[in-house]
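Undergrad: Following this message is one structure expressed as structure tokens.
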Amino acid sequence: MSTYTLVLSKSGSDYTFTYTPELSIDYEFMYNQATEPPTLSGYREIWTIENATLINADGGTLATAMDTLVAFIADRSTPVTSAALKKDGSAIHTIATSTHIKLMVSGLEMVRSPGRHTNHIGFNFKVIGTKGVPGTESGGSGSASVTQLEQKITFEYDQGGFLTKTVSGVLRTHGTGSQAAARILGAQELPSNYFRYATNGPEGCNVSVDSNPADNQATFSCVMVEQALEFPNASVYRFTIRESVKTTRYADYLITTITAQGSSMAVAEAACRAEKPANAESEESEAAYESNTFTITYISKALKKTFLSKEYEFALSGGGRGIVATPVMYGKPVMGRGPLEPWVIEETIKITTLGGPPAIRAEAPVFNQDDLDDPSERVQIRRSKVSALSSSEDEYEGTVSRRYVYADEPPGFDAKALAAFNSVG
């Protein structure tokens, strides 16, 4: 859930209200009465802040907090330079000395309520910002011919908590030029890089001129919409990043699609490529030149180690007594049995995996290795490419060969069982 705060700022410090008060915004328009008809010379933006509350369980600490706030506002050596309504730390509406001719905090008035001064203090006050007519501060004519102006500001939130800020109004001018004046007065600065204009007219403002030959009445509307993704820069008008995951037996594929619309195709493409995932292996792009929109799709692959097969092979030799012929002078050799030959068992285990080499050395021997006279082991791992799911994957074949020599019959040896188990897949 989003957090809204009201922040007063001055050089080197801020005062943030822990409990966000109620805020309403009104406009008071000023006219130059020396002209006929009177023309717009500026306006006051008035924030009425109600039920700003300081809460503390201790009355003495509460009084200290109130003194801190009063000192913050009343310090003439370092006056308040801005008031900002913030959402999750980002300003969505601001009055500041950098944008207004004058800023004033006035009318700090305590609210009567049960328990006041015991555990809380509530008060109302106003922040007033005075602004000249846009286009006239530097001596230009701008909208100085405006004789009537009505303007309102609205804040609307969708189910996701994203803000739509709308500034709209209607004006009349002395003589022609209502369209130009509406474009100047309707143009608004974006609150932050998380906002973009939903109205597509010049300067982000839509203007319509009432159907009359004099061109002296026009309406304007500027709609600014918030999104969760920050825009790279002011030249990018639309920016989206979408991710999807395709899971297969052998790998997970992360598909990242980035779309940007900018002031030029180069700006849009640069914004897309700046978000390229570090492990992207392939990409596809599409350019719509009629709207300066660029779309690029990156594909990243995370292989999964997949067991494919395991095979055992065994070979047995020895275990018998050879025939020995003993030479005899002037007679036939004497035939006899030689010594018992050692048993030799050769065991081979082969494992095939995809996406990573098998832990072949961890494969336990099938036969008991007790009383080995001459144990030995040889390990080999081979890597090859195979086609899997229309993409090249890494297949590994690991083989471990072990040779066991027993002077006597191997413990628990069963020749018939060995013959039946000689090759298992």
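As shown in the structure tokens, the chain order sets the letters A, B, ...; within each chain, residues go from 1, and ligands are also counted from 1 in the order they appear.
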Find the residues around segment 219-228 of chain A up to 8 Å (only C-alpha atoms counted), leave out those fewer than 4 positions away in its own chain, and share them as a list of chain:residue names.

TA: A:Phe162, A:Leu163, A:Thr164, A:Lys165, A:Thr166, A:Val167, A:Ser168, A:Gly169, A:Val170, A:Leu171, A:Ala182, A:Arg183, A:Gly186, A:Ala187, A:Gln188, A:Leu190, A:Tyr194, A:Phe195, A:Arg196, A:Tyr197, A:Ala198, A:Thr199, A:Gly204, A:Cys205, A:Asn206, A:Val207, A:Ser208, A:Val209, A:Asp210

Undergrad: Fewer than 6 positions away in the same chain doesn't count, so skip those; otherwise give me all residues within 12 Å of segment 268-285 of chain A, counting only C-alpha atoms, as a PyMOL selection string.

TA: chain A and resi 229-243+253-262+291-302+391-392

Undergrad: List every residue of segment 174-217 of chain A that DSSP, applied to the backbone, labels as alpha helix (DSSP H), and write the result as number ranges by chain.

TA: A: 178-186

Undergrad: Residues of the last selection are to be written out with N, CA and C atoms, as a JSON list (two decimals), in the first residue's frame.

TA:
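Result file selection.json:
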```json
[["chain", "number", "residue", "atom", "x", "y", "z"],
["A", 178, "SER", "N", -7.03, 32.66, -27.96],
["A", 178, "SER", "CA", -7.37, 31.76, -26.84],
["A", 178, "SER", "C", -6.64, 30.43, -26.94],
["A", 179, "GLN", "N", -6.42, 29.95, -28.17],
["A", 179, "GLN", "CA", -5.73, 28.68, -28.33],
["A", 179, "GLN", "C", -4.30, 28.77, -27.80],
["A", 180, "ALA", "N", -3.58, 29.82, -28.19],
["A", 180, "ALA", "CA", -2.20, 29.98, -27.71],
["A", 180, "ALA", "C", -2.16, 30.15, -26.20],
["A", 181, "ALA", "N", -3.10, 30.90, -25.65],
["A", 181, "ALA", "CA", -3.13, 31.09, -24.20],
["A", 181, "ALA", "C", -3.42, 29.79, -23.48],
["A", 182, "ALA", "N", -4.33, 28.97, -24.02],
["A", 182, "ALA", "CA", -4.67, 27.69, -23.39],
["A", 182, "ALA", "C", -3.47, 26.74, -23.41],
["A", 183, "ARG", "N", -2.69, 26.75, -24.47],
["A", 183, "ARG", "CA", -1.50, 25.90, -24.52],
["A", 183, "ARG", "C", -0.49, 26.31, -23.45],
["A", 184, "ILE", "N", -0.38, 27.61, -23.21],
["A", 184, "ILE", "CA", 0.59, 28.07, -22.22],
["A", 184, "ILE", "C", 0.11, 27.76, -20.81],
["A", 185, "LEU", "N", -1.16, 28.07, -20.51],
["A", 185, "LEU", "CA", -1.67, 27.86, -19.17],
["A", 185, "LEU", "C", -1.92, 26.38, -18.86],
["A", 186, "GLY", "N", -2.18, 25.60, -19.89],
["A", 186, "GLY", "CA", -2.46, 24.18, -19.65],
["A", 186, "GLY", "C", -1.24, 23.31, -19.52]]
```

Undergrad: Return as CSV the residues of segment 118-230 of chain A lying at most 9 Å from segment 22-43 of chain A, together with the closest atom-to-atom pair for each and the distance in Å to one decimal, counting only C-alpha atoms, with rows in chain order and ascending residue number.

TA:
```
residue,atom,partner,partner_atom,distance
A:Gly129,CA,A:Tyr43,CA,8.5
A:Thr130,CA,A:Tyr43,CA,5.9
A:Lys131,CA,A:Tyr43,CA,5.5
A:Gly132,CA,A:Gly42,CA,4.1
A:Val133,CA,A:Gly42,CA,4.7
A:Pro134,CA,A:Gly42,CA,8.3
A:Thr136,CA,A:Ser41,CA,8.4
A:Ser143,CA,A:Leu40,CA,7.8
A:Ala144,CA,A:Leu40,CA,6.1
A:Ser145,CA,A:Thr39,CA,5.7
A:Val146,CA,A:Thr39,CA,5.3
A:Thr147,CA,A:Thr39,CA,4.4
A:Gln148,CA,A:Leu40,CA,7.0
A:Leu149,CA,A:Phe29,CA,7.4
A:Glu150,CA,A:Phe29,CA,8.4
A:Gln151,CA,A:Tyr27,CA,7.2
A:Lys152,CA,A:Asp26,CA,7.5
A:Ile153,CA,A:Ile25,CA,7.5
A:Thr173,CA,A:Thr39,CA,8.1
A:His174,CA,A:Pro37,CA,7.3
```

Undergrad: Those selected residues, please, written with N, CA and C atoms and delivered as a tab-separated table (two decimals), in the first residue's frame.

TA:
```tsv
chain	number	residue	atom	x	y	z
A	129	GLY	N	1.05	29.75	-2.66
A	129	GLY	CA	2.07	30.04	-3.66
A	129	GLY	C	1.52	30.98	-4.71
A	130	THR	N	2.21	32.04	-4.98
A	130	THR	CA	1.78	33.03	-5.98
A	130	THR	C	2.59	32.85	-7.25
A	131	LYS	N	1.88	32.84	-8.36
A	131	LYS	CA	2.55	32.59	-9.64
A	131	LYS	C	2.05	33.58	-10.69
A	132	GLY	N	2.98	34.10	-11.47
A	132	GLY	CA	2.59	34.97	-12.57
A	132	GLY	C	2.02	34.17	-13.73
A	133	VAL	N	1.42	34.87	-14.65
A	133	VAL	CA	0.87	34.20	-15.82
A	133	VAL	C	2.01	33.64	-16.66
A	134	PRO	N	2.01	32.35	-16.97
A	134	PRO	CA	3.09	31.79	-17.80
A	134	PRO	C	3.23	32.54	-19.11
A	136	THR	N	4.56	35.61	-19.37
A	136	THR	CA	4.68	37.05	-19.18
A	136	THR	C	5.83	37.44	-18.27
A	143	SER	N	0.01	34.92	-22.30
A	143	SER	CA	-1.43	34.86	-22.11
A	143	SER	C	-1.94	36.11	-21.40
A	144	ALA	N	-1.28	37.23	-21.61
A	144	ALA	CA	-1.67	38.46	-20.91
A	144	ALA	C	-3.03	38.97	-21.31
A	145	SER	N	-3.61	38.47	-22.42
A	145	SER	CA	-4.92	38.93	-22.86
A	145	SER	C	-6.06	38.14	-22.23
A	146	VAL	N	-5.78	37.21	-21.32
A	146	VAL	CA	-6.82	36.40	-20.70
A	146	VAL	C	-7.67	37.27	-19.78
A	147	THR	N	-8.98	37.24	-19.99
A	147	THR	CA	-9.89	38.03	-19.15
A	147	THR	C	-10.66	37.17	-18.16
A	148	GLN	N	-10.65	35.85	-18.36
A	148	GLN	CA	-11.36	34.98	-17.43
A	148	GLN	C	-10.70	33.60	-17.48
A	149	LEU	N	-10.48	33.02	-16.31
A	149	LEU	CA	-9.85	31.70	-16.24
A	149	LEU	C	-10.47	30.90	-15.11
A	150	GLU	N	-10.85	29.68	-15.42
A	150	GLU	CA	-11.31	28.72	-14.41
A	150	GLU	C	-10.44	27.48	-14.54
A	151	GLN	N	-9.93	27.01	-13.42
A	151	GLN	CA	-8.99	25.87	-13.46
A	151	GLN	C	-9.22	24.98	-12.26
A	152	LYS	N	-9.06	23.67	-12.46
A	152	LYS	CA	-9.17	22.73	-11.35
A	152	LYS	C	-8.15	21.62	-11.52
A	153	ILE	N	-7.83	21.00	-10.39
A	153	ILE	CA	-6.87	19.90	-10.39
A	153	ILE	C	-7.51	18.71	-9.67
A	173	THR	N	-10.40	35.19	-23.73
A	173	THR	CA	-9.40	36.20	-24.00
A	173	THR	C	-10.05	37.45	-24.59
A	174	HIS	N	-9.34	38.54	-24.45
A	174	HIS	CA	-9.76	39.79	-25.08
A	174	HIS	C	-9.18	39.79	-26.49
```

Undergrad: Name the residues in contact with Ser317 of chain A at a cut-off of 8 Å, using only C-alpha atoms, excluding same-chain residues fewer than 5 positions from it; report them as a list in words.

TA: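 Surrounding residues, per the criterion: Trp343, Val344 and Ile345 of chain A.
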
Undergrad: Got a sec to tell me which of segment 157-390 of chain A DSSP assigns to strand (DSSP E or B), as a ChimeraX atom specification?

TA: /A:157,163-173,195-197,206-209,217-226,236-247,251-262,280-288,293-303,306-317,321-326,334-340,343-354,376-388

Undergrad: Taking only C-alpha atoms into account, which of A:Val400, A:Met66, A:Ile46, A:Met329 comes nearest Pro358 of chain A?

TA: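 For Pro358 of chain A, the nearest of the candidates is A:Val400.
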
Undergrad: Between atom CA of Lys350 of chain A and atom CA of Lys310 of chain A, what is the distance, to one decimal in Å?

TA: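 Interatomic distance here is 5.6 Å.
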
Undergrad: For Ala91 of chain A, work out the shell of residues within 10 Å, counting only C-alpha atoms and skipping chain neighbours fewer than 2 positions away, then give it as a short mmCIF file (atom, residue, chain, number, x, y, z; two decimals) with N, CA and C atoms, in the first residue's frame.

TA:
```cif
data_model
loop_
_atom_site.label_atom_id
_atom_site.label_comp_id
_atom_site.auth_asym_id
_atom_site.auth_seq_id
_atom_site.Cartn_x
_atom_site.Cartn_y
_atom_site.Cartn_z
N TYR A 4 1.56 8.22 1.74
CA TYR A 4 1.50 9.62 1.34
C TYR A 4 1.99 10.49 2.49
N THR A 5 2.84 11.45 2.18
CA THR A 5 3.39 12.33 3.20
C THR A 5 3.36 13.77 2.71
N LEU A 6 3.27 14.68 3.68
CA LEU A 6 3.38 16.10 3.40
C LEU A 6 4.70 16.57 3.97
N VAL A 7 5.52 17.23 3.12
CA VAL A 7 6.87 17.61 3.51
C VAL A 7 7.06 19.11 3.27
N ALA A 83 6.75 23.14 -0.43
CA ALA A 83 5.82 22.21 0.20
C ALA A 83 5.48 21.16 -0.83
N ALA A 84 5.57 19.90 -0.46
CA ALA A 84 5.38 18.82 -1.44
C ALA A 84 4.49 17.74 -0.86
N LEU A 85 3.54 17.31 -1.67
CA LEU A 85 2.76 16.11 -1.37
C LEU A 85 3.47 14.96 -2.06
N LYS A 86 3.88 13.96 -1.28
CA LYS A 86 4.69 12.86 -1.82
C LYS A 86 3.97 11.53 -1.68
N LYS A 87 4.21 10.70 -2.67
CA LYS A 87 3.72 9.33 -2.65
C LYS A 87 4.93 8.40 -2.68
N ASP A 88 5.09 7.62 -1.62
CA ASP A 88 6.23 6.70 -1.50
C ASP A 88 7.56 7.42 -1.72
N GLY A 89 7.64 8.65 -1.21
CA GLY A 89 8.88 9.41 -1.27
C GLY A 89 9.07 10.26 -2.50
N HIS A 93 2.92 16.62 -6.24
CA HIS A 93 2.48 17.99 -6.43
C HIS A 93 3.28 18.88 -5.49
N THR A 94 3.75 20.03 -6.02
CA THR A 94 4.70 20.85 -5.27
C THR A 94 4.42 22.34 -5.46
N LEU A 190 5.84 17.38 -15.41
CA LEU A 190 5.60 16.05 -14.86
C LEU A 190 6.12 16.00 -13.42
N PRO A 191 5.37 15.36 -12.51
CA PRO A 191 5.81 15.31 -11.11
C PRO A 191 7.14 14.58 -10.91
N SER A 192 7.40 13.52 -11.69
CA SER A 192 8.64 12.76 -11.55
C SER A 192 8.82 11.91 -12.80
#
```

Undergrad: Between A:Asp252, A:Glu395, A:Asp67, A:Glu156, which one has atoms that come closest to Leu354 of chain A, using only C-alpha atoms?

TA: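 Once distances to Leu354 of chain A are computed over only C-alpha atoms, the minimum belongs to A:Glu395.
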
Undergrad: Could you please determine the separation between atom CA of Phe123 of chain A and atom CA of Leu103 of chain A in Å, to one decimal place?

TA: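 Interatomic distance, atom CA of Phe123 of chain A to atom CA of Leu103 of chain A: 19.8 Å.
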
Undergrad: Given the choices A:Ala287, A:Val70, A:Ile323, A:Ile360, which gets closest to Phe307 of chain A if the distance is worked out from only C-alpha atoms?

TA: A:Ile360

Undergrad: Using atom CA of Thr97 of chain A and atom CA of Ile49 of chain A as the two end points, give the distance in Å to one decimal.

TA: 19.0 Å
